[in-house]
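Trainee: One file: my_file.txt (compact mmCIF, C-alpha atoms and all ligand atoms).
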# COMPACT_ATOMS: atom_id res chain seq x y z
CA MET A 1 -79.11 -77.16 -121.03
CA GLU A 2 -76.00 -79.34 -120.95
CA ASN A 3 -75.48 -82.68 -122.66
CA THR A 4 -72.23 -84.46 -121.92
CA ASP A 5 -72.20 -87.93 -123.43
CA PHE A 6 -68.40 -88.01 -123.04
CA VAL A 7 -68.23 -91.61 -121.85
CA LYS A 8 -70.63 -93.06 -124.43
CA ILE A 9 -68.74 -91.31 -127.22
CA SER A 10 -65.35 -92.46 -125.89
CA ASP A 11 -66.68 -96.02 -125.77
CA LEU A 12 -67.80 -95.79 -129.41
CA LEU A 13 -64.24 -94.88 -130.36
CA ALA A 14 -62.75 -98.05 -128.88
CA HIS A 15 -62.50 -99.65 -132.34
CA PRO A 16 -61.18 -98.12 -135.58
CA SER A 17 -63.99 -96.50 -137.56
CA GLN A 18 -64.57 -94.39 -140.63
CA ILE A 19 -65.41 -90.97 -139.32
CA VAL A 20 -66.62 -87.75 -140.91
CA ILE A 21 -66.31 -84.43 -139.11
CA ILE A 22 -68.48 -81.72 -140.63
CA THR A 23 -68.72 -78.08 -139.62
CA HIS A 24 -70.93 -75.11 -140.47
CA THR A 25 -71.21 -72.85 -143.54
CA ASN A 26 -68.95 -69.79 -143.59
CA PRO A 27 -66.54 -71.69 -141.34
CA ASP A 28 -64.70 -69.55 -138.80
CA GLY A 29 -61.65 -70.14 -136.62
CA ASP A 30 -63.52 -72.25 -134.11
CA ALA A 31 -65.25 -74.33 -136.79
CA ILE A 32 -61.97 -75.19 -138.53
CA GLY A 33 -59.85 -75.27 -135.36
CA SER A 34 -62.17 -77.67 -133.52
CA SER A 35 -62.65 -79.92 -136.59
CA LEU A 36 -58.92 -80.20 -137.29
CA ALA A 37 -58.02 -80.74 -133.62
CA LEU A 38 -60.63 -83.48 -133.32
CA SER A 39 -59.50 -84.99 -136.62
CA SER A 40 -55.81 -85.16 -135.62
CA TYR A 41 -56.75 -86.70 -132.29
CA LEU A 42 -58.98 -89.34 -133.89
CA ILE A 43 -56.30 -90.19 -136.47
CA LYS A 44 -53.92 -90.81 -133.56
CA LYS A 45 -56.57 -93.20 -132.22
CA ASN A 46 -56.31 -95.13 -135.53
CA HIS A 47 -59.54 -93.96 -137.11
CA GLN A 48 -59.96 -92.94 -140.74
CA VAL A 49 -61.13 -89.37 -140.70
CA ARG A 50 -62.44 -86.96 -143.32
CA VAL A 51 -63.13 -83.30 -142.46
CA ILE A 52 -65.83 -81.67 -144.60
CA VAL A 53 -66.79 -77.99 -144.79
CA PRO A 54 -69.88 -76.84 -146.73
CA ASP A 55 -68.01 -73.93 -148.35
CA PRO A 56 -64.45 -72.57 -148.39
CA PHE A 57 -62.81 -71.07 -145.31
CA PRO A 58 -60.91 -67.76 -145.14
CA ASP A 59 -57.27 -67.53 -146.13
CA PHE A 60 -56.23 -66.43 -142.64
CA LEU A 61 -57.02 -69.98 -141.44
CA SER A 62 -55.06 -71.76 -144.15
CA TRP A 63 -52.00 -72.21 -141.91
CA LEU A 64 -53.89 -74.48 -139.49
CA PRO A 65 -52.20 -77.89 -139.34
CA GLY A 66 -54.19 -80.41 -141.39
CA ASN A 67 -56.22 -77.84 -143.37
CA GLU A 68 -54.91 -79.14 -146.72
CA SER A 69 -56.91 -82.37 -146.39
CA VAL A 70 -60.29 -80.70 -145.80
CA PHE A 71 -62.98 -81.41 -148.43
CA VAL A 72 -65.09 -78.46 -149.49
CA PHE A 73 -68.58 -79.88 -150.06
CA LYS A 74 -69.47 -77.37 -152.77
CA SER A 75 -66.48 -78.24 -154.98
CA HIS A 76 -66.00 -81.94 -153.99
CA TYR A 77 -69.65 -82.96 -153.87
CA ASP A 78 -69.20 -86.62 -154.94
CA GLU A 79 -66.25 -87.39 -152.66
CA ALA A 80 -67.89 -85.62 -149.72
CA ALA A 81 -71.23 -87.40 -150.24
CA LEU A 82 -69.44 -90.77 -150.50
CA ALA A 83 -67.49 -90.12 -147.29
CA ILE A 84 -70.72 -89.19 -145.47
CA ASN A 85 -72.54 -92.26 -146.78
CA ASN A 86 -69.68 -94.61 -145.82
CA ALA A 87 -69.08 -93.15 -142.36
CA HIS A 88 -69.77 -95.14 -139.20
CA LEU A 89 -69.70 -92.00 -137.11
CA ILE A 90 -70.37 -88.38 -138.04
CA PHE A 91 -69.31 -85.55 -135.75
CA ALA A 92 -71.12 -82.23 -136.23
CA ALA A 93 -68.74 -79.59 -134.90
CA ASP A 94 -69.59 -75.99 -133.93
CA PHE A 95 -73.22 -75.94 -135.12
CA ASN A 96 -76.28 -77.66 -133.75
CA HIS A 97 -78.91 -77.92 -136.47
CA LEU A 98 -78.45 -79.76 -139.76
CA ASN A 99 -80.16 -76.96 -141.67
CA ARG A 100 -76.99 -74.90 -140.98
CA ILE A 101 -75.01 -77.00 -143.50
CA ASN A 102 -77.38 -76.64 -146.45
CA GLU A 103 -77.43 -79.57 -148.92
CA ALA A 104 -74.89 -81.55 -146.87
CA GLY A 105 -77.49 -81.61 -144.08
CA ARG A 106 -79.84 -83.79 -146.13
CA ILE A 107 -77.09 -86.34 -146.84
CA VAL A 108 -76.03 -86.41 -143.19
CA ARG A 109 -79.66 -86.80 -142.09
CA GLU A 110 -80.15 -89.76 -144.46
CA SER A 111 -76.85 -91.47 -143.59
CA LYS A 112 -76.95 -94.51 -141.28
CA ALA A 113 -73.97 -93.26 -139.29
CA ILE A 114 -74.22 -92.51 -135.59
CA LYS A 115 -74.48 -88.73 -135.39
CA ILE A 116 -72.58 -86.97 -132.64
CA LEU A 117 -72.84 -83.29 -131.77
CA ILE A 118 -69.92 -81.35 -130.31
CA ASP A 119 -70.94 -77.73 -129.99
CA HIS A 120 -71.52 -74.72 -127.72
CA HIS A 121 -74.53 -73.00 -129.32
CA LEU A 122 -77.90 -72.68 -127.59
CA TYR A 123 -80.83 -75.05 -128.24
CA PRO A 124 -79.36 -78.09 -130.05
CA SER A 125 -81.77 -79.96 -132.29
CA ASP A 126 -82.73 -83.57 -131.58
CA GLU A 127 -81.26 -84.84 -134.87
CA PHE A 128 -78.16 -86.18 -133.09
CA ASP A 129 -77.76 -89.56 -131.37
CA LEU A 130 -75.20 -88.35 -128.85
CA LYS A 131 -74.26 -84.86 -127.72
CA ILE A 132 -71.48 -82.86 -126.17
CA SER A 133 -73.39 -79.59 -125.98
CA ILE A 134 -72.28 -77.04 -123.39
CA PRO A 135 -73.38 -73.49 -124.31
CA ARG A 136 -71.42 -71.75 -121.54
CA THR A 137 -68.11 -72.99 -123.01
CA SER A 138 -65.97 -70.44 -124.85
CA SER A 139 -65.74 -72.49 -128.03
CA THR A 140 -66.18 -75.90 -129.59
CA SER A 141 -62.38 -76.11 -129.62
CA GLU A 142 -62.40 -75.95 -125.82
CA LEU A 143 -64.93 -78.81 -125.85
CA VAL A 144 -62.58 -80.86 -128.02
CA TYR A 145 -59.93 -80.42 -125.31
CA ASP A 146 -62.49 -81.41 -122.64
CA PHE A 147 -63.43 -84.49 -124.65
CA ILE A 148 -59.80 -85.59 -125.08
CA GLU A 149 -59.30 -85.04 -121.35
CA ALA A 150 -62.46 -86.96 -120.41
CA SER A 151 -61.26 -89.82 -122.62
CA GLY A 152 -58.01 -90.02 -120.64
CA ASP A 153 -56.01 -89.09 -123.73
CA LEU A 154 -54.31 -85.80 -122.87
CA HIS A 155 -50.98 -87.54 -123.58
CA LEU A 156 -52.02 -87.62 -127.27
CA LEU A 157 -52.08 -83.81 -127.51
CA ASP A 158 -49.24 -82.35 -129.54
CA LYS A 159 -48.21 -78.91 -130.74
CA ASP A 160 -50.35 -79.09 -133.92
CA ILE A 161 -53.53 -80.14 -132.11
CA ALA A 162 -52.78 -77.50 -129.48
CA ALA A 163 -52.44 -74.80 -132.18
CA CYS A 164 -55.86 -75.71 -133.63
CA ILE A 165 -57.52 -75.58 -130.21
CA TYR A 166 -55.76 -72.31 -129.38
CA ALA A 167 -56.89 -70.70 -132.66
CA GLY A 168 -60.49 -71.79 -132.00
CA ILE A 169 -60.56 -70.37 -128.48
CA ILE A 170 -58.89 -67.10 -129.48
CA THR A 171 -61.14 -66.43 -132.49
CA ASP A 172 -64.39 -67.33 -130.67
CA THR A 173 -63.61 -65.10 -127.69
CA GLY A 174 -62.33 -62.05 -129.62
CA SER A 175 -58.84 -62.75 -128.23
CA LEU A 176 -60.27 -63.40 -124.76
CA SER A 177 -62.46 -60.31 -124.67
CA TYR A 178 -65.87 -62.06 -124.39
CA SER A 179 -67.06 -65.50 -123.25
CA CYS A 180 -63.84 -65.35 -121.27
CA ASN A 181 -64.73 -65.50 -117.60
CA TYR A 182 -64.17 -69.21 -116.96
CA VAL A 183 -61.06 -70.30 -115.15
CA LYS A 184 -60.90 -73.55 -117.14
CA THR A 185 -60.36 -71.68 -120.42
CA TYR A 186 -57.16 -70.15 -119.05
CA LEU A 187 -55.95 -73.44 -117.60
CA ILE A 188 -56.39 -75.00 -121.04
CA ILE A 189 -54.56 -72.10 -122.68
CA ALA A 190 -51.69 -72.51 -120.22
CA GLU A 191 -51.48 -76.17 -121.16
CA LEU A 192 -51.54 -75.34 -124.90
CA ILE A 193 -48.65 -72.89 -124.44
CA ARG A 194 -46.78 -75.55 -122.48
CA LEU A 195 -47.24 -77.85 -125.48
CA GLY A 196 -45.39 -75.34 -127.65
CA VAL A 197 -48.07 -73.01 -129.02
CA ASP A 198 -46.69 -69.57 -129.95
CA GLY A 199 -49.61 -67.28 -129.12
CA GLU A 200 -47.98 -64.17 -130.55
CA HIS A 201 -47.24 -65.85 -133.87
CA ILE A 202 -50.78 -67.25 -134.15
CA HIS A 203 -52.21 -63.80 -133.44
CA ARG A 204 -50.20 -62.40 -136.35
CA LEU A 205 -51.27 -65.21 -138.69
CA ILE A 206 -54.95 -64.58 -137.94
CA TYR A 207 -55.17 -60.83 -137.40
CA ASP A 208 -52.19 -59.25 -139.18
CA THR A 209 -52.72 -60.77 -142.62
CA PHE A 210 -55.27 -58.37 -144.12
CA SER A 211 -55.18 -57.66 -147.83
CA GLU A 212 -55.17 -53.97 -148.70
CA ASN A 213 -58.74 -54.39 -150.03
CA ARG A 214 -59.92 -55.89 -146.77
CA LEU A 215 -58.61 -52.97 -144.73
CA ARG A 216 -60.13 -50.46 -147.19
CA LEU A 217 -63.49 -52.29 -147.04
CA LEU A 218 -63.35 -51.97 -143.24
CA GLY A 219 -62.65 -48.25 -143.60
CA PHE A 220 -65.51 -47.84 -146.07
CA SER A 221 -67.88 -49.80 -143.80
CA ILE A 222 -67.19 -47.55 -140.84
CA SER A 223 -66.80 -44.27 -142.65
CA ASN A 224 -69.57 -44.53 -145.26
CA GLN A 225 -71.99 -47.27 -144.25
CA LEU A 226 -72.33 -47.05 -140.50
CA VAL A 227 -75.72 -45.89 -139.21
CA VAL A 228 -75.92 -44.95 -135.53
CA LEU A 229 -79.33 -44.76 -133.86
CA GLN A 230 -78.52 -43.38 -130.42
CA GLU A 231 -82.20 -43.41 -129.38
CA TYR A 232 -82.18 -47.21 -129.72
CA ASN A 233 -78.59 -47.75 -128.53
CA THR A 234 -78.09 -49.44 -131.88
CA ALA A 235 -75.65 -49.18 -134.77
CA TYR A 236 -75.58 -51.07 -138.05
CA ILE A 237 -73.65 -51.38 -141.30
CA VAL A 238 -75.08 -52.31 -144.69
CA LEU A 239 -72.92 -53.72 -147.50
CA SER A 240 -74.50 -54.40 -150.90
CA ALA A 241 -73.14 -56.91 -153.40
CA ASP A 242 -71.79 -53.93 -155.42
CA ASP A 243 -69.97 -52.58 -152.34
CA LEU A 244 -68.36 -55.97 -151.77
CA ASN A 245 -67.42 -56.34 -155.43
CA SER A 246 -65.81 -52.94 -155.53
CA PHE A 247 -63.37 -54.11 -152.83
CA ASN A 248 -62.86 -57.49 -154.52
CA TYR A 249 -64.47 -59.19 -151.51
CA GLN A 250 -62.91 -62.49 -150.44
CA ILE A 251 -64.33 -64.91 -147.87
CA GLY A 252 -63.48 -63.69 -144.37
CA ASP A 253 -63.02 -60.04 -145.36
CA THR A 254 -65.96 -58.85 -143.25
CA GLU A 255 -65.04 -60.92 -140.20
CA ASP A 256 -65.16 -58.66 -137.11
CA VAL A 257 -66.53 -55.61 -139.01
CA VAL A 258 -69.72 -55.73 -136.90
CA ASN A 259 -67.67 -55.49 -133.70
CA TYR A 260 -66.58 -51.94 -134.60
CA ALA A 261 -70.23 -50.87 -134.57
CA LEU A 262 -70.61 -52.41 -131.11
CA SER A 263 -67.46 -50.71 -129.84
CA ILE A 264 -69.20 -47.31 -129.69
CA LYS A 265 -70.02 -46.12 -126.16
CA ASN A 266 -73.66 -46.83 -125.22
CA ILE A 267 -74.25 -48.92 -128.33
CA ASN A 268 -75.67 -52.21 -127.07
CA LEU A 269 -76.91 -53.77 -130.31
CA ALA A 270 -74.96 -53.91 -133.56
CA ALA A 271 -75.74 -55.50 -136.89
CA LEU A 272 -74.03 -56.07 -140.22
CA PHE A 273 -76.19 -56.74 -143.30
CA MET A 274 -74.37 -58.16 -146.30
CA GLU A 275 -75.71 -59.12 -149.70
CA ARG A 276 -73.97 -62.42 -150.53
CA ASP A 277 -74.78 -65.36 -152.81
CA GLY A 278 -78.33 -64.09 -153.39
CA LEU A 279 -79.08 -63.92 -149.66
CA VAL A 280 -78.77 -61.29 -146.98
CA LYS A 281 -76.33 -62.51 -144.37
CA ILE A 282 -76.81 -60.80 -141.03
CA SER A 283 -74.41 -60.69 -138.09
CA PHE A 284 -75.80 -59.48 -134.77
CA ARG A 285 -73.74 -58.57 -131.71
CA SER A 286 -74.86 -57.26 -128.32
CA LYS A 287 -73.59 -56.28 -124.91
CA GLY A 288 -74.84 -57.57 -121.55
CA HIS A 289 -78.28 -59.10 -121.17
CA PHE A 290 -79.76 -58.28 -124.57
CA SER A 291 -79.95 -61.67 -126.30
CA VAL A 292 -79.31 -61.48 -130.02
CA ASP A 293 -79.85 -65.24 -130.17
CA THR A 294 -83.51 -64.68 -129.18
CA PHE A 295 -83.75 -61.62 -131.42
CA ALA A 296 -82.37 -63.47 -134.48
CA ARG A 297 -84.47 -66.55 -133.73
CA ASN A 298 -87.74 -64.62 -133.28
CA HIS A 299 -87.49 -62.27 -136.23
CA PHE A 300 -84.96 -63.57 -138.78
CA ASN A 301 -85.07 -67.36 -138.47
CA GLY A 302 -81.47 -67.29 -137.24
CA GLY A 303 -79.69 -67.97 -133.96
CA GLY A 304 -76.32 -68.40 -132.30
CA HIS A 305 -75.19 -67.19 -128.89
CA SER A 306 -76.66 -64.64 -126.50
CA ASN A 307 -74.17 -61.91 -127.55
CA ALA A 308 -73.30 -63.08 -131.10
CA SER A 309 -75.79 -64.46 -133.57
CA GLY A 310 -76.57 -64.52 -137.25
CA ALA A 311 -79.18 -65.20 -139.89
CA ASN A 312 -79.50 -65.67 -143.63
CA CYS A 313 -82.57 -64.09 -145.19
CA SER A 314 -84.03 -64.44 -148.68
CA THR A 315 -85.70 -61.02 -148.45
CA SER A 316 -84.09 -58.08 -150.27
CA LEU A 317 -81.35 -56.06 -148.58
CA SER A 318 -83.57 -53.00 -148.18
CA ASP A 319 -86.55 -55.01 -146.87
CA THR A 320 -84.34 -56.83 -144.37
CA VAL A 321 -82.88 -53.59 -143.04
CA ALA A 322 -86.36 -52.00 -142.97
CA LEU A 323 -87.68 -54.89 -140.85
CA PHE A 324 -84.75 -54.49 -138.46
CA ARG A 325 -85.46 -50.77 -138.07
CA GLU A 326 -89.20 -51.39 -137.56
CA LEU A 327 -88.44 -53.80 -134.72
CA LEU A 328 -86.26 -51.42 -132.72
CA PRO A 329 -88.97 -49.33 -130.96
CA ARG A 330 -90.25 -52.55 -129.40
CA TYR A 331 -86.87 -53.15 -127.77
CA GLN A 332 -86.06 -49.53 -126.90
CA SER A 333 -86.26 -49.91 -123.13
CA GLN A 334 -84.44 -53.30 -123.08
CA LEU A 335 -81.65 -51.80 -125.16
CA LYS A 336 -81.20 -48.84 -122.84
CA SER A 337 -79.81 -50.76 -119.89
CA VAL A 338 -78.26 -54.11 -120.61
CA TYR A 339 -76.26 -54.66 -117.40
P1 LIG B 1 -71.30 -64.58 -137.52
O1 LIG B 1 -71.97 -63.28 -137.36
O2 LIG B 1 -69.89 -64.55 -136.98
O3 LIG B 1 -71.43 -65.18 -138.88
O4 LIG B 1 -72.09 -65.59 -136.59
C1 LIG B 1 -72.26 -65.36 -135.21
C2 LIG B 1 -72.85 -66.58 -134.55
O5 LIG B 1 -74.17 -66.83 -135.05
C3 LIG B 1 -72.05 -67.86 -134.82
O6 LIG B 1 -71.99 -68.58 -133.62
C4 LIG B 1 -72.84 -68.58 -135.86
O7 LIG B 1 -72.73 -69.94 -135.74
C5 LIG B 1 -74.27 -68.12 -135.62
N1 LIG B 1 -75.01 -67.99 -136.90
C6 LIG B 1 -74.63 -67.27 -137.97
N2 LIG B 1 -75.55 -67.37 -138.97
C7 LIG B 1 -76.52 -68.17 -138.49
C8 LIG B 1 -77.76 -68.67 -139.06
O8 LIG B 1 -78.12 -68.39 -140.20
N3 LIG B 1 -78.51 -69.48 -138.25
C9 LIG B 1 -78.12 -69.82 -136.98
N4 LIG B 1 -78.92 -70.62 -136.26
N5 LIG B 1 -76.97 -69.38 -136.45
C10 LIG B 1 -76.19 -68.57 -137.17
MN MN B 2 -67.84 -71.66 -132.02
Just give me the structure as structure tokens.
Ligand code: 5GP
Ligand code: MN
Mentor:
Amino acid sequence: MENTDFVKISDLLAHPSQIVIITHTNPDGDAIGSSLALSSYLIKKNHQVRVIVPDPFPDFLSWLPGNESVFVFKSHYDEAALAINNAHLIFAADFNHLNRINEAGRIVRESKAIKILIDHHLYPSDEFDLKISIPRTSSTSELVYDFIEASGDLHLLDKDIAACIYAGIITDTGSLSYSCNYVKTYLIIAELIRLGVDGEHIHRLIYDTFSENRLRLLGFSISNQLVVLQEYNTAYIVLSADDLNSFNYQIGDTEDVVNYALSIKNINLAALFMERDGLVKISFRSKGHFSVDTFARNHFNGGGHSNASGANCSTSLSDTVALFRELLPRYQSQLKSVY
């Protein structure tokens, strides 16, 4: 399952290169944190680096050091395409299939650059020339630390790089509440704090910066839209485009909403269905051995991790939810005992 081309990738970086780092659509804390940490490190190694995101990232990540130089593919198409075409090396960070970056994926696929994966999702595609792919790792940000360490460059870490890595680890582990049983993660966090990271301040910047609308949308989601199916140990929330509009939805506003559905006792599968940009975006979460990666992959053409996955469907909101409900009887016994 693991691919660790650390040495080959370090060797490729011996000479200054033009490098693009690209991350996934709906970028989250780990996507942006890992990309910016890797970018700052590579700039210190005298490379020219451009970070590209397919679409904008949430406001609560806009304090991350280096974020101001990120190109948003959607709004800077020409510059982003030129950077991809001129790159010697392209790093794909925090996703493992080029179809996860929409139109940018075609341009990356066609580029002559050496394509390098750095990611912790299951089942990487074979579209990459070299891979750092370790699914058991907490986050891609942790892998960036591992890569810098394996390259003998820990002395290049500074407070800004450390803050990006810290933000990635914290957001991808729900503040160390899942994917959090590896000693190495804590050793890295200790080192990041030693480098000057203020964990309490970063927590506030990420989690205590809700708009009033975002908090009210969370309240509405739980109070009005939550469906609990005790017989299937399942709970889900449905948000239509109208619902989102009525709370003046901004990117990132539904981050973590699905986790409230999973927080109910004996609920082992949770889902959030959201009507966005003409698609239904689904977030799945589970407890224990029930794999929502397999579930999303088999039924919704999605994927992710064993306990957190997603999908984007072109079916209508009601048809997508109906399919989900129809599937549940098949999984009833698996969902009963997940430990
Ligand atoms: P979220 O629910 O936070 O958007 O995503 C949860 C996990 O599933 C993330 O690791 C994300 O990368 C992955 N994921 C979300 N949407 C998709 C999708 O459409 N396809 C695949 N393969 N993975 C997805
Ligand atoms: Mn991640």
Trainee: Using all atoms listed in the file, can you list as a PDB file with C-alpha atoms, keeping the file's coordinate frame the residues within 8 Å of (-57.2, -77.9, -141.0)?
Mentor:
ATOM      1  CA  ILE A  32     -61.970 -75.190-138.530  1.00  0.00           C
ATOM      2  CA  GLY A  33     -59.850 -75.270-135.360  1.00  0.00           C
ATOM      3  CA  SER A  35     -62.650 -79.920-136.590  1.00  0.00           C
ATOM      4  CA  LEU A  36     -58.920 -80.200-137.290  1.00  0.00           C
ATOM      5  CA  ALA A  37     -58.020 -80.740-133.620  1.00  0.00           C
ATOM      6  CA  LEU A  61     -57.020 -69.980-141.440  1.00  0.00           C
ATOM      7  CA  SER A  62     -55.060 -71.760-144.150  1.00  0.00           C
ATOM      8  CA  TRP A  63     -52.000 -72.210-141.910  1.00  0.00           C
ATOM      9  CA  LEU A  64     -53.890 -74.480-139.490  1.00  0.00           C
ATOM     10  CA  PRO A  65     -52.200 -77.890-139.340  1.00  0.00           C
ATOM     11  CA  GLY A  66     -54.190 -80.410-141.390  1.00  0.00           C
ATOM     12  CA  ASN A  67     -56.220 -77.840-143.370  1.00  0.00           C
ATOM     13  CA  GLU A  68     -54.910 -79.140-146.720  1.00  0.00           C
ATOM     14  CA  SER A  69     -56.910 -82.370-146.390  1.00  0.00           C
ATOM     15  CA  VAL A  70     -60.290 -80.700-145.800  1.00  0.00           C
ATOM     16  CA  CYS A 164     -55.860 -75.710-133.630  1.00  0.00           C
TER      17      CYS A 164
END
Trainee: Could you tell me which of A:Leu323, A:Leu122, A:Ile161, A:Ile237 comes closest to ligand MN 2 (chain B) if we count all atoms listed in the file?
Mentor: A:Leu122
Trainee: Residues at most 8 Å from ligand MN 2 (chain B), using only C-alpha atoms and all ligand atoms? Could they come as number ranges by chain?
Mentor: A: 28-31, 94-95, 119-121, 138-141, 168, 172
Trainee: Using all atoms listed in the file, can you tell me which of A:Gly105, A:Gly288, A:Pro329, A:Gly252 comes closest to ligand LIG 1 (chain B)?
Mentor: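 Nearest to ligand LIG 1 (chain B): A:Gly252.
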Trainee: Per residue of chain A within 8 Å of ligand LIG 1 (chain B), which atom pair is closest and at what distance in Å (one decimal), using all atoms listed in the file, listed by chain and increasing number, as a Markdown table?
Mentor:
| residue | atom | partner | partner_atom | distance |
| --- | --- | --- | --- | --- |
| A:His24 | CA | B:LIG1 | O7 | 7.2 |
| A:Asn26 | CA | B:LIG1 | O3 | 7.0 |
| A:Asp28 | CA | B:LIG1 | O2 | 7.4 |
| A:Asp94 | CA | B:LIG1 | O7 | 7.1 |
| A:Phe95 | CA | B:LIG1 | O7 | 6.1 |
| A:Asn96 | CA | B:LIG1 | N4 | 7.9 |
| A:His97 | CA | B:LIG1 | N4 | 7.3 |
| A:Arg100 | CA | B:LIG1 | N3 | 6.3 |
| A:His121 | CA | B:LIG1 | O6 | 6.7 |
| A:Glu255 | CA | B:LIG1 | O2 | 6.9 |
| A:Asp256 | CA | B:LIG1 | O2 | 7.6 |
| A:Val258 | CA | B:LIG1 | O1 | 7.9 |
| A:Lys281 | CA | B:LIG1 | N2 | 7.3 |
| A:Ile282 | CA | B:LIG1 | O1 | 6.6 |
| A:Ser283 | CA | B:LIG1 | O1 | 3.6 |
| A:Phe284 | CA | B:LIG1 | O1 | 6.0 |
| A:Arg285 | CA | B:LIG1 | O1 | 7.6 |
| A:Asp293 | CA | B:LIG1 | O5 | 7.7 |
| A:Arg297 | CA | B:LIG1 | N4 | 7.3 |
| A:Asn301 | CA | B:LIG1 | N3 | 6.9 |
| A:Gly302 | CA | B:LIG1 | N3 | 3.8 |
| A:Gly303 | CA | B:LIG1 | N4 | 3.6 |
| A:Gly304 | CA | B:LIG1 | O5 | 3.8 |
| A:His305 | CA | B:LIG1 | O6 | 5.9 |
| A:Ala308 | CA | B:LIG1 | C1 | 4.8 |
| A:Ser309 | CA | B:LIG1 | O5 | 3.2 |
| A:Gly310 | CA | B:LIG1 | C6 | 3.4 |
| A:Ala311 | CA | B:LIG1 | O8 | 3.4 |
| A:Asn312 | CA | B:LIG1 | O8 | 4.6 |
| A:Cys313 | CA | B:LIG1 | O8 | 7.9 |
Trainee: Have a look at CA of Ala167 in chain A and CA of Ser151 in chain A and let me know their distance in Å, one decimal.
Mentor: 22.0 Å
Trainee: Need to verify the contact set: Asn181 in chain A, 10 Å, all atoms listed in the file, exclusion of same-chain residues closer than 3 positions in sequence. Can you return it as a PyMOL selection string?
Mentor: chain A and resi 136-138+176-178+184-186
Trainee: Could you dump the residues just selected with C-alpha atoms as an mmCIF file, in the coordinates of the input?
Mentor:
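Wrote selection13.cif, looks like this:
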data_model
loop_
_atom_site.group_PDB
_atom_site.id
_atom_site.type_symbol
_atom_site.label_atom_id
_atom_site.label_comp_id
_atom_site.auth_asym_id
_atom_site.auth_seq_id
_atom_site.Cartn_x
_atom_site.Cartn_y
_atom_site.Cartn_z
ATOM 1 C CA ARG A 136 -71.420 -71.750 -121.540
ATOM 2 C CA THR A 137 -68.110 -72.990 -123.010
ATOM 3 C CA SER A 138 -65.970 -70.440 -124.850
ATOM 4 C CA LEU A 176 -60.270 -63.400 -124.760
ATOM 5 C CA SER A 177 -62.460 -60.310 -124.670
ATOM 6 C CA TYR A 178 -65.870 -62.060 -124.390
ATOM 7 C CA LYS A 184 -60.900 -73.550 -117.140
ATOM 8 C CA THR A 185 -60.360 -71.680 -120.420
ATOM 9 C CA TYR A 186 -57.160 -70.150 -119.050
#
Trainee: For CA of Arg50 in chain A and CA of Thr171 in chain A, determine how far apart the two atoms are, in Å to one decimal place.
Mentor: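 Distance reported for this atom pair: 23.2 Å.
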Trainee: Using all atoms listed in the file, which protein or nucleic acid residues come within 8 Å of Ile251 in chain A? Drop anything in the same chain fewer than 5 positions from it, and give the result as a PyMOL selection string.
Mentor: chain A and resi 26+56-59
Trainee: One decimal, in Å: what's the spacing between CA of Tyr249 in chain A and CA of Leu317 in chain A?
Mentor: 17.4 Å
Trainee: What are the centre and edge lengths in Å, to one decimal, of the axis-aligned box around all listed atoms of range 308-317 of chain A with 8 Å added on each side, as AutoDock Vina command-line options?
Mentor:
--center_x -79.5 --center_y -60.9 --center_z -140.7 --size_x 28.4 --size_y 25.6 --size_z 35.2
Trainee: Fewer than 3 positions away in the same chain doesn't count, so skip those; otherwise give me all residues within 6 Å of Asn268 in chain A, counting only C-alpha atoms, as an MDAnalysis selection string.
Mentor: chainID A and resid 233 286:287
Trainee: Write out as a list in words each polymer residue whose atoms come within 12 Å of Gln334 in chain A, counting all atoms listed in the file; drop sequence neighbours fewer than 2 positions from it.
Mentor: Glu231, Tyr232, Asn233, Thr234, Asn268, Leu269, Ser286, Lys287, Gly288, His289, Phe290, Ser291, Val292, Phe295, Leu328, Pro329, Arg330, Tyr331, Gln332, Lys336, Ser337, Val338 and Tyr339 of chain A
Trainee: Residues near Val238 in chain A, anyone? I mean within 9 Å using only C-alpha atoms, not counting same-chain ones fewer than 4 positions away, as a list in words.
Mentor: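 The residues that qualify are Ser221, Gln225, Leu226, Val227, Ala271, Leu272, Phe273, Met274, Glu275, Leu317 and Val321 of chain A.
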Trainee: Find, counting all atoms listed in the file, the residue in A:Glu191, A:Asp153, A:Glu103, A:Glu127 that gets nearest to Tyr166 in chain A.
Mentor: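 For Tyr166 in chain A, the nearest of the candidates is A:Glu191.
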Trainee: So which one's closest to Asp5 in chain A, A:Leu89, A:Ser17, A:Ser125, A:Lys131? Using only C-alpha atoms, please.
Mentor: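 Of A:Leu89, A:Ser17, A:Ser125, A:Lys131, the one nearest Asp5 in chain A, counting only C-alpha atoms, is A:Lys131.
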Trainee: Ranking A:Leu187, A:Ile22, A:Ile148, A:Leu218 by minimum distance to Leu117 in chain A and counting all atoms listed in the file, which one comes first?
Mentor: A:Ile22
Trainee: Identify which of the residues A:Arg325, A:Phe220, A:Asn307, A:Asp243 lies closest to Thr173 in chain A, counting all atoms listed in the file when measuring atom-to-atom distances.
Mentor: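 Of the candidates, the smallest distance to Thr173 in chain A is held by A:Asn307.
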Trainee: Please return, as a list in words, all polymer residues that have at least one atom within 10 Å of the point (-64.6, -89.9, -125.2); use only C-alpha atoms and the file's own coordinate frame.
Mentor: Thr4, Asp5, Phe6, Val7, Lys8, Ile9, Ser10, Asp11, Leu12, Leu13, Ala14, Ile132, Val144, Asp146, Phe147, Ile148, Glu149, Ala150, Ser151, Gly152 and Asp153 of chain A
Trainee: So that I can look at just that part, could you write range 41-47 of chain A with C-alpha atoms, as a short mmCIF file (atom, residue, chain, number, x, y, z; two decimals), in the first residue's frame?
Mentor:
data_model
loop_
_atom_site.label_atom_id
_atom_site.label_comp_id
_atom_site.auth_asym_id
_atom_site.auth_seq_id
_atom_site.Cartn_x
_atom_site.Cartn_y
_atom_site.Cartn_z
CA TYR A 41 10.59 24.55 1.75
CA LEU A 42 11.23 24.27 -2.00
CA ILE A 43 11.69 28.04 -2.31
CA LYS A 44 14.37 27.78 0.40
CA LYS A 45 15.99 25.13 -1.82
CA ASN A 46 16.16 27.76 -4.61
CA HIS A 47 13.34 26.46 -6.77
#
